[in-house]
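Trainee: Would you mind keeping the following structure in view while I ask a few things?
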Amino acid sequence: MKPCELENCEEKAVIKRGKDGRAVCKKCFIELFEQDVHDTIVKEKLFTRGDKVAIGASGGKDSTVLAYVVKTLNDKYDYGLNIFLLSIDEGIKGYRDDSLEAVEKNRIEYGLPLKIVSYEELYGWTMDKVVENIGKKNNCTYCGVFRRKALDRGAELIGANKLVTGHNADDMAETVLMNILRGDVARLGRCTNAITGDENELPRVKPLKFCFEKDIVFYARLQNLEYFYTECVYAPNSYRNFARNYIKQLERLQPRAILDLVHSGETVAIRKEASTQIQTNCTRCGYMSSQPICKACLLLEGLNTGNYQIGNSSKKKPREPTETNSVTGENPAPEKSTSGCGGQCACEAKGLSGLSI
Ligand code: SF4
Ligand code: ZN
């Protein structure tokens, strides 16, 4: 076994970091990982003393590591955060009920208060019922839109002023690639920000932005963190999956490709007028929206009336990267988060085969 590659360390290396390929010992791996997250928090000014933060907790590896690391760093560096766990129960039997058990264990182990908000109480629908009615085709569109609103509602109930999500570098790279391929300039301009959210929106912060998915799994294993890793029973063979598989292939050739994609997303300059999106409030539920009625209310209307075309934009062709929409921004920007979970559900069993410690 080779010695740890870190200066002044005489331990044996047990792991090769995904991020930079250095072979390091357990202690150094944990220190480097936590230092990375701390650097992101400090450089990107993610938190302010006294913040009440809701950590989106799905029971999956990303959010389990996120909760553990943010709590550890808050204690170590005295950020002065008031931390809560916030879970969304989509109502998926055999999946979400099991993953919520993992969150419940985190609550006890980390000593953090937990709030669970369910689709059933918010919308009167579980995802099981949605799929029973619409089939398995567009289920993630409903789930993604409902989740975004549910997280905001849950954070509001807690009284949180920030929502913390577990998006990692791989998720970011996938999103950059998807937005480039779809020519979605509005999203490309903001998808790699460590803090997102418009003026009237609750800020969403991403402390794991520069952490490789592989390293998150290694960290969870080395720290003996318990997480849930079964894929959602309704997980589709989505557009995101194609991007994910492509990124995994790139990573095998050149691990830095993940960070390069994130950085390329960060450096794309978008003309202001190209991403202009006028925010207003939904006339039905008051939630912020770029349209008079928000996407969640439209989808709900479709479900309640049996007209599943309502609010369902999946029939539309993706926008082409034309002169018109990418440069002048004359076309209206799309509603946010209209499809898929965007890495926010616990369906995190994504391409983790071949990992070894
Ligand atoms: Fe919801 Fe994710 Fe399952 Fe899709 S895969 S239905 S977004 S939990
Ligand atoms: Zn609404």
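Chain lettering (A, B, ...) mirrors the order of the structure tokens, residue numbering begins at 1 for each chain separately, and ligand numbering begins at 1 in order of display.
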Would you give me, as a ChimeraX atom specification, the residues in region 99-328 of chain A that DSSP reads as helix (DSSP H, G or I)?
Mentor: /A:99-110,119-123,127-134,139-158,169-182,185-188,213-222,239-253,257-267,272-275,295-305,313-315,323-328
Trainee: Those residues you just picked out, can you put them in a file as a tab-separated table (two decimals), in the first residue's frame with C-alpha atoms?
Mentor:
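See selection-v5.tsv below for the written result:
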```tsv
chain	number	residue	atom	x	y	z
A	99	SER	CA	-35.96	6.80	2.72
A	100	LEU	CA	-37.81	8.84	5.36
A	101	GLU	CA	-36.73	6.23	7.88
A	102	ALA	CA	-33.12	7.09	6.99
A	103	VAL	CA	-33.88	10.80	7.54
A	104	GLU	CA	-35.49	9.97	10.87
A	105	LYS	CA	-32.26	8.20	11.90
A	106	ASN	CA	-30.27	11.29	10.84
A	107	ARG	CA	-32.57	13.44	12.96
A	108	ILE	CA	-31.80	11.37	16.04
A	109	GLU	CA	-28.11	10.92	15.32
A	110	TYR	CA	-27.34	14.52	14.37
A	119	TYR	CA	-47.68	16.19	-1.31
A	120	GLU	CA	-50.88	14.74	0.08
A	121	GLU	CA	-51.37	17.52	2.63
A	122	LEU	CA	-50.22	20.26	0.22
A	123	TYR	CA	-51.88	19.15	-2.99
A	127	MET	CA	-47.23	10.51	-6.47
A	128	ASP	CA	-48.68	6.99	-6.34
A	129	LYS	CA	-52.08	8.49	-7.16
A	130	VAL	CA	-50.61	10.76	-9.84
A	131	VAL	CA	-48.96	7.79	-11.58
A	132	GLU	CA	-52.16	5.76	-11.26
A	133	ASN	CA	-53.88	8.51	-13.27
A	134	ILE	CA	-51.29	9.76	-15.75
A	139	ASN	CA	-44.42	11.69	-13.57
A	140	CYS	CA	-41.11	13.44	-12.84
A	141	THR	CA	-42.43	16.70	-14.29
A	142	TYR	CA	-45.23	16.70	-11.70
A	143	CYS	CA	-42.92	15.52	-8.96
A	144	GLY	CA	-40.20	18.11	-9.72
A	145	VAL	CA	-42.63	21.04	-9.86
A	146	PHE	CA	-44.46	19.91	-6.73
A	147	ARG	CA	-41.19	19.37	-4.87
A	148	ARG	CA	-39.85	22.84	-5.58
A	149	LYS	CA	-42.98	24.43	-4.19
A	150	ALA	CA	-43.17	21.97	-1.27
A	151	LEU	CA	-39.58	22.81	-0.24
A	152	ASP	CA	-40.42	26.51	-0.22
A	153	ARG	CA	-43.61	25.90	1.75
A	154	GLY	CA	-41.78	23.68	4.23
A	155	ALA	CA	-39.01	26.24	4.71
A	156	GLU	CA	-41.68	28.88	5.27
A	157	LEU	CA	-43.31	26.72	7.96
A	158	ILE	CA	-39.95	26.33	9.70
A	169	ALA	CA	-20.30	18.86	-9.01
A	170	ASP	CA	-21.61	15.95	-11.11
A	171	ASP	CA	-25.18	17.32	-10.90
A	172	MET	CA	-23.93	20.76	-11.91
A	173	ALA	CA	-21.94	19.40	-14.86
A	174	GLU	CA	-25.00	17.43	-16.04
A	175	THR	CA	-27.17	20.51	-15.81
A	176	VAL	CA	-24.66	22.65	-17.73
A	177	LEU	CA	-24.52	20.05	-20.47
A	178	MET	CA	-28.32	19.68	-20.64
A	179	ASN	CA	-28.83	23.42	-20.82
A	180	ILE	CA	-26.24	23.77	-23.57
A	181	LEU	CA	-27.84	20.96	-25.58
A	182	ARG	CA	-31.32	22.43	-25.11
A	185	VAL	CA	-29.86	30.30	-22.04
A	186	ALA	CA	-31.91	31.52	-19.11
A	187	ARG	CA	-31.09	28.45	-17.04
A	188	LEU	CA	-27.51	28.18	-18.28
A	213	GLU	CA	-20.20	12.38	-6.37
A	214	LYS	CA	-17.58	9.66	-5.90
A	215	ASP	CA	-15.99	11.55	-3.02
A	216	ILE	CA	-19.39	12.08	-1.39
A	217	VAL	CA	-19.89	8.31	-1.37
A	218	PHE	CA	-16.36	7.75	-0.02
A	219	TYR	CA	-16.94	10.33	2.70
A	220	ALA	CA	-20.26	8.72	3.72
A	221	ARG	CA	-18.57	5.32	3.92
A	222	LEU	CA	-15.55	6.54	5.85
A	239	TYR	CA	-32.79	13.16	-20.58
A	240	ARG	CA	-30.77	13.72	-17.39
A	241	ASN	CA	-29.75	10.06	-17.43
A	242	PHE	CA	-28.23	10.47	-20.89
A	243	ALA	CA	-26.26	13.49	-19.68
A	244	ARG	CA	-25.26	11.57	-16.53
A	245	ASN	CA	-23.94	8.59	-18.47
A	246	TYR	CA	-22.03	10.85	-20.82
A	247	ILE	CA	-20.41	12.69	-17.88
A	248	LYS	CA	-19.43	9.36	-16.31
A	249	GLN	CA	-17.69	8.40	-19.54
A	250	LEU	CA	-15.90	11.75	-19.62
A	251	GLU	CA	-14.89	11.31	-15.99
A	252	ARG	CA	-13.29	7.97	-16.78
A	253	LEU	CA	-11.16	9.62	-19.47
A	257	ALA	CA	-13.91	17.24	-17.07
A	258	ILE	CA	-16.57	17.55	-14.35
A	259	LEU	CA	-15.02	20.67	-12.85
A	260	ASP	CA	-14.24	22.05	-16.31
A	261	LEU	CA	-17.93	21.82	-17.22
A	262	VAL	CA	-18.96	23.54	-13.99
A	263	HIS	CA	-16.42	26.31	-14.58
A	264	SER	CA	-17.48	26.71	-18.19
A	265	GLY	CA	-21.07	27.18	-16.95
A	266	GLU	CA	-19.83	29.79	-14.49
A	267	THR	CA	-18.00	31.78	-17.12
A	272	LYS	CA	-29.09	40.78	-19.29
A	273	GLU	CA	-32.05	41.04	-21.63
A	274	ALA	CA	-31.62	37.38	-22.67
A	275	SER	CA	-32.56	36.07	-19.27
A	295	LYS	CA	-46.93	25.59	-12.93
A	296	ALA	CA	-47.91	23.59	-9.84
A	297	CYS	CA	-51.46	25.03	-9.84
A	298	LEU	CA	-51.82	24.28	-13.56
A	299	LEU	CA	-50.64	20.69	-13.15
A	300	LEU	CA	-52.97	20.31	-10.19
A	301	GLU	CA	-55.88	21.62	-12.24
A	302	GLY	CA	-55.03	19.03	-14.89
A	303	LEU	CA	-55.03	16.25	-12.29
A	304	ASN	CA	-58.27	17.42	-10.66
A	305	THR	CA	-60.12	17.76	-13.97
A	313	SER	CA	-45.29	21.48	-21.44
A	314	SER	CA	-43.56	18.18	-22.20
A	315	LYS	CA	-45.34	18.01	-25.53
A	323	GLU	CA	-30.35	33.81	-32.71
A	324	THR	CA	-33.72	34.88	-31.41
A	325	ASN	CA	-33.88	33.05	-28.11
A	326	SER	CA	-30.25	32.80	-27.17
A	327	VAL	CA	-29.07	36.28	-27.96
A	328	THR	CA	-31.87	38.79	-27.95
```
Trainee: Which polymer residues have any atom within 9 Å of an atom of Ile41 (chain A), counting only C-alpha atoms, with same-chain residues fewer than 4 positions away left out, as a PyMOL selection string?
Mentor: chain A and resi 36-37+45-47+194+206-207
Trainee: Interatomic distance between CA of Cys4 (chain A) and CA of Phe33 (chain A)?
Mentor: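 Straight-line distance from CA of Cys4 (chain A) to CA of Phe33 (chain A) works out to 15.1 Å.
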Trainee: Might you pull out every residue within 12 Å of Asp78 (chain A), with only C-alpha atoms counted and same-chain residues fewer than 5 positions away left off, and present them as a ChimeraX atom specification?
Mentor: /A:38,47-50,70-73
Trainee: Output the neighbourhood of ligand 2 as a list in words, that is, all protein and nucleic acid residues with some atom at most 6 Å from the ligand, counting only C-alpha atoms and all ligand atoms.
Mentor: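 The neighbouring residues of ligand 2 are, in order, Cys282, Arg284, Cys285, Gly286, Tyr287, Ile293, Cys294, Ala296 and Cys297 of chain A.
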Trainee: Taking all heavy atoms for each residue, export the selection above as a CSV table (one decimal), in the first residue's frame.
Mentor:
```csv
chain,number,residue,atom,x,y,z
A,282,CYS,N,-48.6,33.9,-8.3
A,282,CYS,CA,-49.7,33.1,-8.8
A,282,CYS,C,-51.0,33.6,-8.2
A,282,CYS,O,-51.1,33.8,-7.0
A,282,CYS,CB,-49.5,31.6,-8.4
A,282,CYS,SG,-50.9,30.5,-8.7
A,284,ARG,N,-53.7,32.1,-7.9
A,284,ARG,CA,-54.4,31.1,-7.2
A,284,ARG,C,-53.8,30.8,-5.8
A,284,ARG,O,-54.5,30.7,-4.8
A,284,ARG,CB,-54.5,29.7,-7.9
A,284,ARG,CG,-55.4,29.8,-9.1
A,284,ARG,CD,-55.6,28.4,-9.7
A,284,ARG,NE,-56.3,28.6,-11.0
A,284,ARG,CZ,-56.4,27.7,-11.9
A,284,ARG,NH1,-55.8,26.5,-11.7
A,284,ARG,NH2,-57.0,28.0,-13.0
A,285,CYS,N,-52.5,30.6,-5.7
A,285,CYS,CA,-51.9,30.2,-4.5
A,285,CYS,C,-50.9,31.2,-3.9
A,285,CYS,O,-50.5,31.0,-2.8
A,285,CYS,CB,-51.2,28.8,-4.7
A,285,CYS,SG,-49.7,29.0,-5.6
A,286,GLY,N,-50.6,32.2,-4.7
A,286,GLY,CA,-49.7,33.3,-4.2
A,286,GLY,C,-48.2,32.9,-4.3
A,286,GLY,O,-47.4,33.8,-4.1
A,287,TYR,N,-47.9,31.7,-4.8
A,287,TYR,CA,-46.5,31.3,-5.0
A,287,TYR,C,-45.9,32.1,-6.1
A,287,TYR,O,-46.6,32.5,-7.1
A,287,TYR,CB,-46.5,29.8,-5.3
A,287,TYR,CG,-45.1,29.2,-5.3
A,287,TYR,CD1,-44.3,29.2,-4.2
A,287,TYR,CD2,-44.6,28.6,-6.5
A,287,TYR,CE1,-43.0,28.6,-4.2
A,287,TYR,CE2,-43.4,28.0,-6.5
A,287,TYR,CZ,-42.6,28.0,-5.4
A,287,TYR,OH,-41.4,27.4,-5.5
A,293,ILE,N,-50.6,32.1,-13.5
A,293,ILE,CA,-50.9,30.9,-12.7
A,293,ILE,C,-49.7,30.0,-12.6
A,293,ILE,O,-49.1,29.7,-13.7
A,293,ILE,CB,-52.1,30.1,-13.2
A,293,ILE,CG1,-53.4,30.9,-13.2
A,293,ILE,CG2,-52.4,28.8,-12.4
A,293,ILE,CD1,-54.6,30.3,-13.9
A,294,CYS,N,-49.2,29.6,-11.5
A,294,CYS,CA,-48.0,28.9,-11.4
A,294,CYS,C,-48.1,27.5,-12.0
A,294,CYS,O,-49.2,27.0,-12.1
A,294,CYS,CB,-47.4,28.8,-10.0
A,294,CYS,SG,-48.3,27.7,-8.9
A,296,ALA,N,-47.3,24.6,-10.7
A,296,ALA,CA,-47.9,23.6,-9.8
A,296,ALA,C,-49.4,23.7,-9.9
A,296,ALA,O,-50.1,22.6,-9.9
A,296,ALA,CB,-47.4,23.8,-8.4
A,297,CYS,N,-50.0,24.9,-9.8
A,297,CYS,CA,-51.5,25.0,-9.8
A,297,CYS,C,-52.0,24.5,-11.2
A,297,CYS,O,-53.1,23.9,-11.2
A,297,CYS,CB,-51.9,26.5,-9.6
A,297,CYS,SG,-51.7,26.9,-7.9
```
Trainee: I'd like to know which of A:Tyr308, A:Ser58, A:Pro255, A:Gln223 is closest to Glu31 (chain A), using only C-alpha atoms.
Mentor: A:Gln223
Trainee: Select, from A:Asn281, A:Gln309, A:Thr126, A:Asn161, the residue with the minimum atom-to-atom distance to ligand 1, counting only C-alpha atoms and all ligand atoms.
Mentor: A:Thr126
Trainee: Closest to ligand 1 among A:Phe228, A:Trp125, A:Tyr95, A:Phe210, using only C-alpha atoms and all ligand atoms?
Mentor: A:Tyr95
Trainee: Give the strand (DSSP E) residues of region 170-316 of chain A, as DSSP finds them on the backbone, and put them as an mmCIF file with all heavy atoms, in the first residue's frame.
Mentor:
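Produced file out-v9.cif, reproduced below:
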```
data_model
loop_
_atom_site.group_PDB
_atom_site.id
_atom_site.type_symbol
_atom_site.label_atom_id
_atom_site.label_comp_id
_atom_site.auth_asym_id
_atom_site.auth_seq_id
_atom_site.Cartn_x
_atom_site.Cartn_y
_atom_site.Cartn_z
ATOM 1 N N ILE A 195 -25.527 30.222 -5.090
ATOM 2 C CA ILE A 195 -26.759 30.718 -4.474
ATOM 3 C C ILE A 195 -27.713 31.044 -5.606
ATOM 4 O O ILE A 195 -27.370 31.800 -6.516
ATOM 5 C CB ILE A 195 -26.524 32.017 -3.654
ATOM 6 C CG1 ILE A 195 -25.414 31.806 -2.633
ATOM 7 C CG2 ILE A 195 -27.809 32.473 -2.969
ATOM 8 C CD1 ILE A 195 -25.108 33.027 -1.779
ATOM 9 N N THR A 196 -28.891 30.463 -5.592
ATOM 10 C CA THR A 196 -29.881 30.793 -6.618
ATOM 11 C C THR A 196 -31.145 31.298 -5.943
ATOM 12 O O THR A 196 -31.325 31.155 -4.733
ATOM 13 C CB THR A 196 -30.229 29.567 -7.497
ATOM 14 O OG1 THR A 196 -30.555 28.475 -6.640
ATOM 15 C CG2 THR A 196 -29.080 29.169 -8.393
ATOM 16 N N ARG A 204 -31.510 29.549 -2.347
ATOM 17 C CA ARG A 204 -31.132 28.136 -2.267
ATOM 18 C C ARG A 204 -29.621 28.073 -2.357
ATOM 19 O O ARG A 204 -29.045 28.623 -3.304
ATOM 20 C CB ARG A 204 -31.744 27.350 -3.426
ATOM 21 C CG ARG A 204 -33.202 27.118 -3.233
ATOM 22 C CD ARG A 204 -33.916 26.773 -4.508
ATOM 23 N NE ARG A 204 -35.341 26.801 -4.252
ATOM 24 C CZ ARG A 204 -36.104 25.717 -4.105
ATOM 25 N NH1 ARG A 204 -35.606 24.529 -4.274
ATOM 26 N NH2 ARG A 204 -37.383 25.840 -3.809
ATOM 27 N N VAL A 205 -28.964 27.451 -1.410
ATOM 28 C CA VAL A 205 -27.501 27.432 -1.427
ATOM 29 C C VAL A 205 -26.982 26.005 -1.578
ATOM 30 O O VAL A 205 -27.613 25.050 -1.127
ATOM 31 C CB VAL A 205 -26.898 28.127 -0.175
ATOM 32 C CG1 VAL A 205 -27.394 29.552 -0.054
ATOM 33 C CG2 VAL A 205 -27.192 27.372 1.095
ATOM 34 N N THR A 280 -43.908 37.311 -10.881
ATOM 35 C CA THR A 280 -45.131 37.820 -10.296
ATOM 36 C C THR A 280 -45.600 36.755 -9.298
ATOM 37 O O THR A 280 -44.832 35.864 -8.960
ATOM 38 C CB THR A 280 -46.162 38.111 -11.422
ATOM 39 O OG1 THR A 280 -47.412 38.383 -10.821
ATOM 40 C CG2 THR A 280 -46.323 36.971 -12.401
ATOM 41 N N ASN A 281 -46.825 36.866 -8.811
ATOM 42 C CA ASN A 281 -47.313 35.838 -7.901
ATOM 43 C C ASN A 281 -48.506 35.130 -8.510
ATOM 44 O O ASN A 281 -49.338 35.766 -9.162
ATOM 45 C CB ASN A 281 -47.697 36.444 -6.546
ATOM 46 C CG ASN A 281 -46.461 36.854 -5.784
ATOM 47 O OD1 ASN A 281 -46.023 37.983 -5.874
ATOM 48 N ND2 ASN A 281 -45.863 35.918 -5.083
ATOM 49 N N MET A 288 -44.542 32.391 -6.025
ATOM 50 C CA MET A 288 -43.980 33.198 -7.111
ATOM 51 C C MET A 288 -44.012 32.413 -8.424
ATOM 52 O O MET A 288 -43.893 31.186 -8.449
ATOM 53 C CB MET A 288 -42.565 33.663 -6.764
ATOM 54 C CG MET A 288 -41.505 32.684 -7.002
ATOM 55 S SD MET A 288 -41.125 31.847 -5.506
ATOM 56 C CE MET A 288 -40.332 30.402 -6.101
ATOM 57 N N SER A 289 -44.186 33.172 -9.500
ATOM 58 C CA SER A 289 -44.360 32.543 -10.792
ATOM 59 C C SER A 289 -44.046 33.559 -11.877
ATOM 60 O O SER A 289 -44.189 34.765 -11.666
ATOM 61 C CB SER A 289 -45.813 32.063 -10.908
ATOM 62 O OG SER A 289 -46.098 31.677 -12.218
#
```
Trainee: Measure the distance from CA of Leu66 (chain A) to CA of Thr165 (chain A) in Å and round it to one decimal.
Mentor: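 These two atoms are separated by 7.8 Å.
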Trainee: Identify which of the residues A:Glu44, A:Asp97, A:Glu34, A:Asp184 lies closest to ligand 1, counting only C-alpha atoms and all ligand atoms when measuring atom-to-atom distances.
Mentor: A:Asp97
Trainee: In Å to one decimal, how far is CA of Ile30 (chain A) from CA of Lys76 (chain A)?
Mentor: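 For CA of Lys76 (chain A) relative to CA of Ile30 (chain A), the distance reads 13.8 Å.
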Trainee: Closest to ligand 1 among A:His167, A:Arg271, A:Arg190, A:Lys137, using only C-alpha atoms and all ligand atoms?
Mentor: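 Smallest distance to ligand 1 is found for A:Lys137.
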Trainee: Find, counting only C-alpha atoms, the residue in A:Cys28, A:Ile88, A:Ile15, A:Val42 that gets nearest to Ala54 (chain A).
Mentor: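 For Ala54 (chain A), the nearest of the candidates is A:Ile88.
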